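Asker: Supplied in structure tokens, the structure appears directly below.
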Amino acid sequence: MAMQLFSGRDYLKIDIANSFGLDKQDWDERLAWFDQNEHQLEALMPQADEPALYYAGLVAWEKCKAGKVSGYPISLDATASGIQILAALSCDPKAAAICNVIDVGHRKDAYVQIYHEMVSKLGEEAKIDRKQSKQALMTHFYCSTAVPKRVFGEGELLSLFYDTIIENAPGPEEINKTMLSIWDPTKLTNEWVMPDNFHVIVKVMGQVKETVHFLNEPFEVDYHINMPIKEGRSLGANMVHSIDGMMVREMLRRCNYDPARIQYLHKLIDAGAAGRSTHKADDKMVQILWDRYLQSGFLSARILDHLTIDNIGLVNGFVIKRLLSSLPEKPFQVMSVHDCFRCLPNYGNDLRRQYNELLALIAESNMLADIVGQLLGKTIQVNKIDPSLGNRIRESNYALS
């Protein structure tokens with residue numbers, strides 16, 4: 001099933017419906033709600049989940065109807081970006097299905113699905129708080145055990161929680177176990193380099209207790225210092241956050257490119273130029289980014305800023321051409337707050353396509369093995385559940401919603 005496409009007017013309608021609180025509904029339901037309530041949109045403002053954004057959308061809609069330019073950017077959010085990244089890394093179709101990395105015909109909510117499955121297994125008498133369950137699920141996928149224990153206790157309910165997660169997201173669960181198992185108790189920092197040459201350096205912080213005296217009374221003070229610790233649970237979360245940050249950088253590079261540079265690169269590759277490195281700054285960066293691609297299997301769009309006739313011979317022109325062909329037809333500006341992306345309504349389709357493309361490229365890459373290998377200091381191989389998942393990811397309907 002191909003990704004649904006919409007006009008700029010439709011995206012503005014969807015944005016207003018999202019601000020009202022319908023962002024977890026299917027596209028068609030959001031559009032139908034708008035059309036049914038267009039006559040009373042202003043009166044519904046007090047009921048909106050995000051009244052300020054809702055009002056801004058209404059002002060933009062009125063300008064749109066009058067044929068005026070509003071400059072108003074719509075918002076589209078990733079649906080559980082942490083699980084999405086873990087699903088793509090592991091090529092897990094089950095996890096991908098519950099967080100909209102692949103399309104299943106409807107807009108899914110991973111947290112709600114796992115919650116409902118737990119309730120159905122427990123029966124009508126189940127007393128599980130939905131909001132607390134979501135908090136347990138969110139933190140679990142960042143390797144937390146404290147929050148799930150606080151929410152579900154340490155008995156049968158907690159076991160059911162973990163069993164339900166394994167059933168729905170075996171790939172992400174396996175990644176989390178791996179990240180816990182490779183913790184090195186001798187390290188002061190954990191470091192790795194992303195495909196776009198962003199260097200991740202995370203200090204290991206241990207908690208220290210010290211007794212201080214104030215007015216002749218002893219007080220215990222806790223503080224953190226950079227020191228090795230026996231066990232740590234931060235690797236999985238920090239790895240996911242590092243990929244999350246890279247996706248934001250890649251979205252901005254891919255969407256808001258320089259058309260003149262892209263045209264120049266097309267001509268350069270078509271001419272069959274085979275220059276050589278002259279050890280200039282651009283040449284060194286091309287070599288670094290290309291080496292990162294060979295190791296991780298993910299080619300950052302950052303390389304497009306540094307390719308010249310002198311260093312084009314350092315790379316495979318076919319691979320660069322494939323990257324160029326995946327860019328939007330026209331560049332456009334994107335604003336981002338974490339995994340919420342904003343752009344003008346006419347570029348909504350391109351924004352969604354680029355997000356899907358990045359998730360697909362992660363699934364087709366060797367990024368997980370590359371990062372784990374850097375942490376371990378050796379080359380490793382990671383088996384994926386469904387290595388062909390990338391093609392399905394590109395057709396996803398609700399990865400950004």
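Within each chain, counting starts at residue 1; across the structure tokens, chains are named A, B, ... in the order shown, with ligands numbered 1 upward in that order.
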Mind checking DSSP for region 156-222 of chain A and telling me the helix (DSSP H, G or I) residues as an NGL selection string?
Answerer: :A and (156-168 or 170-181)
Asker: Grab the residues selected above and save them as a short mmCIF file (atom, residue, chain, number, x, y, z; two decimals), in the first residue's frame with C-alpha atoms.
Answerer:
data_model
loop_
_atom_site.label_atom_id
_atom_site.label_comp_id
_atom_site.auth_asym_id
_atom_site.auth_seq_id
_atom_site.Cartn_x
_atom_site.Cartn_y
_atom_site.Cartn_z
CA GLU A 156 2.92 -11.47 38.17
CA LEU A 157 1.94 -8.10 36.69
CA LEU A 158 5.56 -7.17 36.01
CA SER A 159 6.18 -10.55 34.35
CA LEU A 160 3.12 -10.01 32.16
CA PHE A 161 4.46 -6.58 31.23
CA TYR A 162 7.76 -8.02 30.02
CA ASP A 163 6.12 -10.96 28.25
CA THR A 164 3.82 -8.60 26.34
CA ILE A 165 6.75 -6.45 25.26
CA ILE A 166 8.70 -9.49 24.02
CA GLU A 167 5.67 -10.58 22.00
CA ASN A 168 5.23 -7.16 20.38
CA PRO A 170 11.34 -8.78 20.18
CA GLY A 171 13.94 -6.85 18.16
CA PRO A 172 14.10 -3.76 20.38
CA GLU A 173 14.10 -6.02 23.45
CA GLU A 174 17.11 -7.93 22.12
CA ILE A 175 18.98 -4.70 21.39
CA ASN A 176 18.38 -3.46 24.94
CA LYS A 177 19.68 -6.73 26.38
CA THR A 178 22.77 -6.46 24.19
CA MET A 179 23.49 -2.88 25.29
CA LEU A 180 23.21 -3.93 28.94
CA SER A 181 25.51 -6.91 28.44
#
Asker: Give me the residues near Pro259 (chain A) as a list in words, where near means some atom within 10 Å (using only C-alpha atoms) and where sequence neighbours in that chain fewer than 5 positions away do not count.
Answerer: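 Contacts, with the query itself left out: Tyr264, Leu265, Glu329, Lys330 and Pro331 of chain A.
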Asker: Just N, CA, C and O atoms for this one: save the residues we selected as a CSV table (one decimal), in the first residue's frame.
Answerer:
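Result went into again.csv, see below:
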chain,number,residue,atom,x,y,z
A,264,TYR,N,25.3,20.9,-9.6
A,264,TYR,CA,26.8,20.8,-9.9
A,264,TYR,C,27.2,19.4,-9.7
A,264,TYR,O,28.0,18.8,-10.5
A,265,LEU,N,26.7,18.7,-8.7
A,265,LEU,CA,27.1,17.3,-8.4
A,265,LEU,C,26.6,16.4,-9.4
A,265,LEU,O,27.3,15.4,-9.8
A,329,GLU,N,12.1,17.1,-4.6
A,329,GLU,CA,12.3,17.7,-5.9
A,329,GLU,C,12.7,19.2,-5.7
A,329,GLU,O,13.4,19.7,-6.5
A,330,LYS,N,12.1,19.8,-4.7
A,330,LYS,CA,12.4,21.2,-4.4
A,330,LYS,C,12.9,21.3,-2.9
A,330,LYS,O,12.3,20.6,-2.1
A,331,PRO,N,13.8,22.2,-2.6
A,331,PRO,CA,14.2,22.3,-1.2
A,331,PRO,C,13.2,23.1,-0.4
A,331,PRO,O,12.5,23.9,-1.0
Asker: Which residues are close to region 316-326 of chain A, i.e. within 9 Å by only C-alpha atoms, leaving aside same-chain residues fewer than 6 positions away? Reply as a compact mmCIF listing (two decimals) with all heavy atoms, in the first residue's frame.
Answerer:
# COMPACT_ATOMS: atom_id res chain seq x y z
N ARG A 254 18.75 17.22 4.12
CA ARG A 254 18.10 16.67 2.94
C ARG A 254 16.98 17.56 2.41
O ARG A 254 16.77 17.63 1.20
CB ARG A 254 17.52 15.28 3.27
CG ARG A 254 18.58 14.21 3.43
CD ARG A 254 18.01 12.93 4.04
NE ARG A 254 18.92 11.82 3.79
CZ ARG A 254 18.83 11.00 2.75
NH1 ARG A 254 17.88 11.18 1.86
NH2 ARG A 254 19.71 10.03 2.58
N ILE A 262 23.51 20.81 -5.84
CA ILE A 262 23.00 19.51 -6.30
C ILE A 262 23.14 19.41 -7.82
O ILE A 262 23.53 18.36 -8.35
CB ILE A 262 21.52 19.33 -5.87
CG1 ILE A 262 21.40 19.38 -4.34
CG2 ILE A 262 20.96 18.02 -6.42
CD1 ILE A 262 22.29 18.41 -3.60
N LEU A 265 26.74 18.72 -8.65
CA LEU A 265 27.15 17.34 -8.37
C LEU A 265 26.63 16.38 -9.43
O LEU A 265 27.33 15.44 -9.82
CB LEU A 265 26.66 16.92 -6.98
CG LEU A 265 27.33 17.63 -5.81
CD1 LEU A 265 26.70 17.21 -4.49
CD2 LEU A 265 28.83 17.35 -5.78
N HIS A 266 25.42 16.61 -9.91
CA HIS A 266 24.89 15.79 -11.00
C HIS A 266 25.81 15.87 -12.22
O HIS A 266 26.16 14.86 -12.84
CB HIS A 266 23.48 16.24 -11.38
CG HIS A 266 22.40 15.60 -10.55
ND1 HIS A 266 22.14 14.25 -10.60
CD2 HIS A 266 21.51 16.13 -9.66
CE1 HIS A 266 21.13 13.97 -9.78
NE2 HIS A 266 20.73 15.10 -9.20
N ILE A 269 29.19 14.05 -11.64
CA ILE A 269 29.11 12.59 -11.72
C ILE A 269 28.84 12.14 -13.15
O ILE A 269 29.44 11.19 -13.65
CB ILE A 269 28.03 12.06 -10.76
CG1 ILE A 269 28.44 12.36 -9.32
CG2 ILE A 269 27.83 10.56 -10.95
CD1 ILE A 269 27.35 12.13 -8.31
N ASP A 270 27.94 12.85 -13.84
CA ASP A 270 27.61 12.49 -15.22
C ASP A 270 28.82 12.62 -16.14
O ASP A 270 28.97 11.88 -17.12
CB ASP A 270 26.48 13.37 -15.75
CG ASP A 270 25.15 13.05 -15.09
OD1 ASP A 270 25.04 11.96 -14.49
OD2 ASP A 270 24.23 13.89 -15.14
N GLY A 272 31.73 11.90 -15.38
CA GLY A 272 32.68 10.83 -15.07
C GLY A 272 33.99 11.34 -14.51
O GLY A 272 35.05 10.74 -14.73
N LEU A 299 25.08 6.52 4.46
CA LEU A 299 25.79 7.67 3.89
C LEU A 299 25.10 8.96 4.28
O LEU A 299 23.94 9.19 3.91
CB LEU A 299 25.86 7.56 2.36
CG LEU A 299 26.61 8.69 1.65
CD1 LEU A 299 28.08 8.73 2.08
CD2 LEU A 299 26.51 8.54 0.13
N SER A 300 25.80 9.79 5.01
CA SER A 300 25.23 11.07 5.45
C SER A 300 25.20 12.06 4.30
O SER A 300 26.15 12.17 3.51
CB SER A 300 26.05 11.64 6.60
OG SER A 300 25.66 12.98 6.88
N ALA A 301 24.11 12.83 4.23
CA ALA A 301 23.99 13.89 3.22
C ALA A 301 25.00 15.00 3.46
O ALA A 301 25.18 15.86 2.59
CB ALA A 301 22.57 14.46 3.22
N ILE A 303 28.03 14.76 3.19
CA ILE A 303 29.10 14.61 2.20
C ILE A 303 28.87 15.49 0.97
O ILE A 303 29.82 15.89 0.29
CB ILE A 303 29.25 13.13 1.79
CG1 ILE A 303 30.64 12.88 1.19
CG2 ILE A 303 28.14 12.69 0.83
CD1 ILE A 303 30.96 11.40 0.99
N LEU A 304 27.60 15.83 0.70
CA LEU A 304 27.28 16.63 -0.48
C LEU A 304 27.88 18.03 -0.40
O LEU A 304 28.14 18.66 -1.43
CB LEU A 304 25.76 16.73 -0.66
CG LEU A 304 25.02 15.39 -0.80
CD1 LEU A 304 23.52 15.63 -0.95
CD2 LEU A 304 25.56 14.60 -1.99
N GLN A 354 10.92 11.92 3.40
CA GLN A 354 12.29 11.97 3.87
C GLN A 354 12.45 11.24 5.21
O GLN A 354 13.45 10.55 5.44
CB GLN A 354 12.77 13.43 3.99
CG GLN A 354 13.05 14.09 2.67
CD GLN A 354 14.05 13.32 1.82
OE1 GLN A 354 15.14 13.00 2.27
NE2 GLN A 354 13.67 13.00 0.59
N GLU A 357 12.41 7.63 4.44
CA GLU A 357 13.66 7.26 3.80
C GLU A 357 14.77 7.06 4.83
O GLU A 357 15.55 6.10 4.74
CB GLU A 357 14.07 8.34 2.79
CG GLU A 357 15.38 8.08 2.05
CD GLU A 357 15.34 6.90 1.10
OE1 GLU A 357 14.22 6.43 0.77
OE2 GLU A 357 16.41 6.44 0.68
Asker: When distances are computed from only C-alpha atoms, which of A:Arg9, A:Arg352, A:Arg30, A:Arg342 shows the smallest separation from Asn397 (chain A)?
Answerer: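 Closest candidate: A:Arg352.
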Asker: Using only C-alpha atoms, can you tell me which of A:Ser336, A:Ser70, A:Asn366, A:Asn18 comes closest to Leu53 (chain A)?
Answerer: A:Asn18
Asker: Pick from A:Asp49, A:Tyr293, A:Gly206, A:Asp244: nearest to Ala88 (chain A), with only C-alpha atoms counted?
Answerer: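 Under the stated criterion, the closest residue is A:Asp244.
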Asker: Please identify all polymer residues within 12 Å of Leu359 (chain A), counting only C-alpha atoms, omitting same-chain residues fewer than 5 positions from it, and present them as a PyMOL selection string.
Answerer: chain A and resi 78+81-91+96+100-102+243-244+246-248+250-251+298+352-354+364-365+367+389-396+399-400
Asker: Just write the chosen residues, N, CA, C and O atoms, as a short mmCIF file (atom, residue, chain, number, x, y, z; two decimals), in the first residue's frame.
Answerer:
data_model
loop_
_atom_site.label_atom_id
_atom_site.label_comp_id
_atom_site.auth_asym_id
_atom_site.auth_seq_id
_atom_site.Cartn_x
_atom_site.Cartn_y
_atom_site.Cartn_z
N ALA A 78 6.87 12.38 15.03
CA ALA A 78 7.17 10.95 14.98
C ALA A 78 6.33 10.23 16.04
O ALA A 78 6.08 10.77 17.11
N SER A 81 9.43 7.83 18.57
CA SER A 81 10.66 7.77 17.78
C SER A 81 11.68 6.78 18.35
O SER A 81 12.43 6.16 17.59
N GLY A 82 11.73 6.62 19.67
CA GLY A 82 12.69 5.68 20.25
C GLY A 82 12.43 4.26 19.79
O GLY A 82 13.35 3.55 19.36
N ILE A 83 11.17 3.81 19.87
CA ILE A 83 10.83 2.46 19.42
C ILE A 83 11.01 2.36 17.91
O ILE A 83 11.43 1.32 17.38
N GLN A 84 10.68 3.43 17.18
CA GLN A 84 10.86 3.42 15.73
C GLN A 84 12.32 3.14 15.35
O GLN A 84 12.59 2.33 14.46
N ILE A 85 13.24 3.80 16.03
CA ILE A 85 14.65 3.61 15.73
C ILE A 85 15.09 2.19 16.07
O ILE A 85 15.79 1.53 15.29
N LEU A 86 14.66 1.68 17.22
CA LEU A 86 15.00 0.31 17.61
C LEU A 86 14.40 -0.71 16.63
O LEU A 86 15.05 -1.71 16.29
N ALA A 87 13.17 -0.45 16.18
CA ALA A 87 12.53 -1.35 15.21
C ALA A 87 13.30 -1.36 13.89
O ALA A 87 13.49 -2.41 13.27
N ALA A 88 13.76 -0.17 13.45
CA ALA A 88 14.51 -0.08 12.20
C ALA A 88 15.88 -0.74 12.34
O ALA A 88 16.32 -1.47 11.45
N LEU A 89 16.56 -0.51 13.45
CA LEU A 89 17.88 -1.11 13.66
C LEU A 89 17.83 -2.63 13.62
O LEU A 89 18.73 -3.28 13.08
N SER A 90 16.78 -3.20 14.21
CA SER A 90 16.66 -4.66 14.28
C SER A 90 15.89 -5.25 13.11
O SER A 90 15.82 -6.48 12.98
N CYS A 91 15.31 -4.38 12.26
CA CYS A 91 14.45 -4.83 11.15
C CYS A 91 13.36 -5.77 11.67
O CYS A 91 13.11 -6.84 11.11
N ALA A 96 7.95 -2.74 14.24
CA ALA A 96 7.70 -1.72 13.22
C ALA A 96 6.21 -1.49 13.03
O ALA A 96 5.77 -0.36 12.76
N ASN A 100 4.23 2.35 13.60
CA ASN A 100 4.02 2.97 12.28
C ASN A 100 5.27 3.06 11.41
O ASN A 100 5.30 3.82 10.45
N VAL A 101 6.29 2.26 11.72
CA VAL A 101 7.45 2.21 10.83
C VAL A 101 7.08 1.49 9.53
O VAL A 101 7.60 1.81 8.47
N ILE A 102 6.18 0.53 9.63
CA ILE A 102 5.55 -0.05 8.43
C ILE A 102 4.05 0.14 8.55
O ILE A 102 3.52 0.27 9.66
N ILE A 243 21.19 8.52 17.55
CA ILE A 243 20.60 8.30 16.22
C ILE A 243 19.45 9.27 15.99
O ILE A 243 19.28 9.81 14.90
N ASP A 244 18.67 9.51 17.04
CA ASP A 244 17.58 10.49 16.97
C ASP A 244 18.11 11.86 16.56
O ASP A 244 17.55 12.53 15.68
N MET A 246 20.95 12.48 15.01
CA MET A 246 21.45 12.42 13.63
C MET A 246 20.31 12.53 12.62
O MET A 246 20.45 13.16 11.57
N MET A 247 19.17 11.92 12.94
CA MET A 247 18.02 11.99 12.03
C MET A 247 17.55 13.43 11.85
O MET A 247 17.18 13.84 10.75
N VAL A 248 17.56 14.20 12.94
CA VAL A 248 17.19 15.61 12.83
C VAL A 248 18.16 16.34 11.91
O VAL A 248 17.76 17.09 11.01
N GLU A 250 20.02 15.09 9.57
CA GLU A 250 19.86 14.60 8.20
C GLU A 250 18.59 15.15 7.55
O GLU A 250 18.57 15.47 6.36
N MET A 251 17.52 15.27 8.33
CA MET A 251 16.28 15.84 7.79
C MET A 251 16.52 17.27 7.31
O MET A 251 16.08 17.67 6.23
N PHE A 298 25.57 3.63 6.20
CA PHE A 298 24.67 4.78 6.10
C PHE A 298 25.48 5.97 5.62
O PHE A 298 26.45 6.39 6.26
N ARG A 352 7.34 13.80 4.99
CA ARG A 352 7.06 12.42 5.38
C ARG A 352 7.92 11.43 4.61
O ARG A 352 8.42 10.44 5.17
N ARG A 353 8.11 11.68 3.32
CA ARG A 353 8.95 10.79 2.51
C ARG A 353 10.38 10.75 3.04
O ARG A 353 11.01 9.69 3.10
N GLN A 354 10.92 11.92 3.40
CA GLN A 354 12.29 11.97 3.87
C GLN A 354 12.45 11.24 5.21
O GLN A 354 13.45 10.55 5.44
N GLU A 364 18.46 -0.65 6.47
CA GLU A 364 19.31 -1.27 5.46
C GLU A 364 20.80 -1.12 5.78
O GLU A 364 21.65 -1.65 5.06
N SER A 365 21.11 -0.39 6.84
CA SER A 365 22.50 -0.10 7.18
C SER A 365 23.09 -1.15 8.13
O SER A 365 22.42 -2.11 8.53
N MET A 367 24.41 0.07 11.01
CA MET A 367 24.67 1.06 12.04
C MET A 367 24.75 0.45 13.44
O MET A 367 25.60 0.84 14.25
N LEU A 389 13.10 -5.22 5.14
CA LEU A 389 12.06 -4.34 5.69
C LEU A 389 12.10 -2.92 5.11
O LEU A 389 11.08 -2.23 5.09
N GLY A 390 13.24 -2.48 4.63
CA GLY A 390 13.40 -1.11 4.15
C GLY A 390 12.38 -0.70 3.12
O GLY A 390 11.85 0.43 3.16
N ASN A 391 12.08 -1.59 2.18
CA ASN A 391 11.12 -1.24 1.12
C ASN A 391 9.73 -0.99 1.68
O ASN A 391 9.01 -0.11 1.20
N ARG A 392 9.34 -1.72 2.71
CA ARG A 392 8.03 -1.50 3.33
C ARG A 392 8.02 -0.20 4.12
O ARG A 392 7.01 0.49 4.20
N ILE A 393 9.16 0.12 4.73
CA ILE A 393 9.25 1.35 5.53
C ILE A 393 9.01 2.58 4.65
O ILE A 393 8.36 3.54 5.08
N ARG A 394 9.50 2.55 3.43
CA ARG A 394 9.36 3.72 2.54
C ARG A 394 7.90 4.02 2.20
O ARG A 394 7.58 5.13 1.79
N GLU A 395 7.02 3.05 2.38
CA GLU A 395 5.60 3.25 2.08
C GLU A 395 4.78 3.52 3.33
O GLU A 395 3.54 3.56 3.28
N SER A 396 5.43 3.72 4.45
CA SER A 396 4.71 3.94 5.71
C SER A 396 3.83 5.19 5.64
O SER A 396 4.22 6.21 5.09
N ALA A 399 4.47 7.14 10.05
CA ALA A 399 5.71 7.25 10.83
C ALA A 399 5.83 8.68 11.38
O ALA A 399 6.20 8.89 12.53
N LEU A 400 5.52 9.66 10.53
CA LEU A 400 5.30 11.03 10.97
C LEU A 400 3.81 11.29 10.92
O LEU A 400 3.18 11.11 9.89
#
Asker: Report, in Å with one decimal, the straight-line distance from CA of Leu44 (chain A) to CA of Ala56 (chain A).
Answerer: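 Result for CA of Leu44 (chain A) versus CA of Ala56 (chain A): 13.7 Å, one decimal.
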Asker: What does the distance between CA of Gln381 (chain A) and CA of Pro195 (chain A) come to in Å, to one decimal place?
Answerer: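 Interatomic distance, CA of Gln381 (chain A) to CA of Pro195 (chain A): 17.4 Å.
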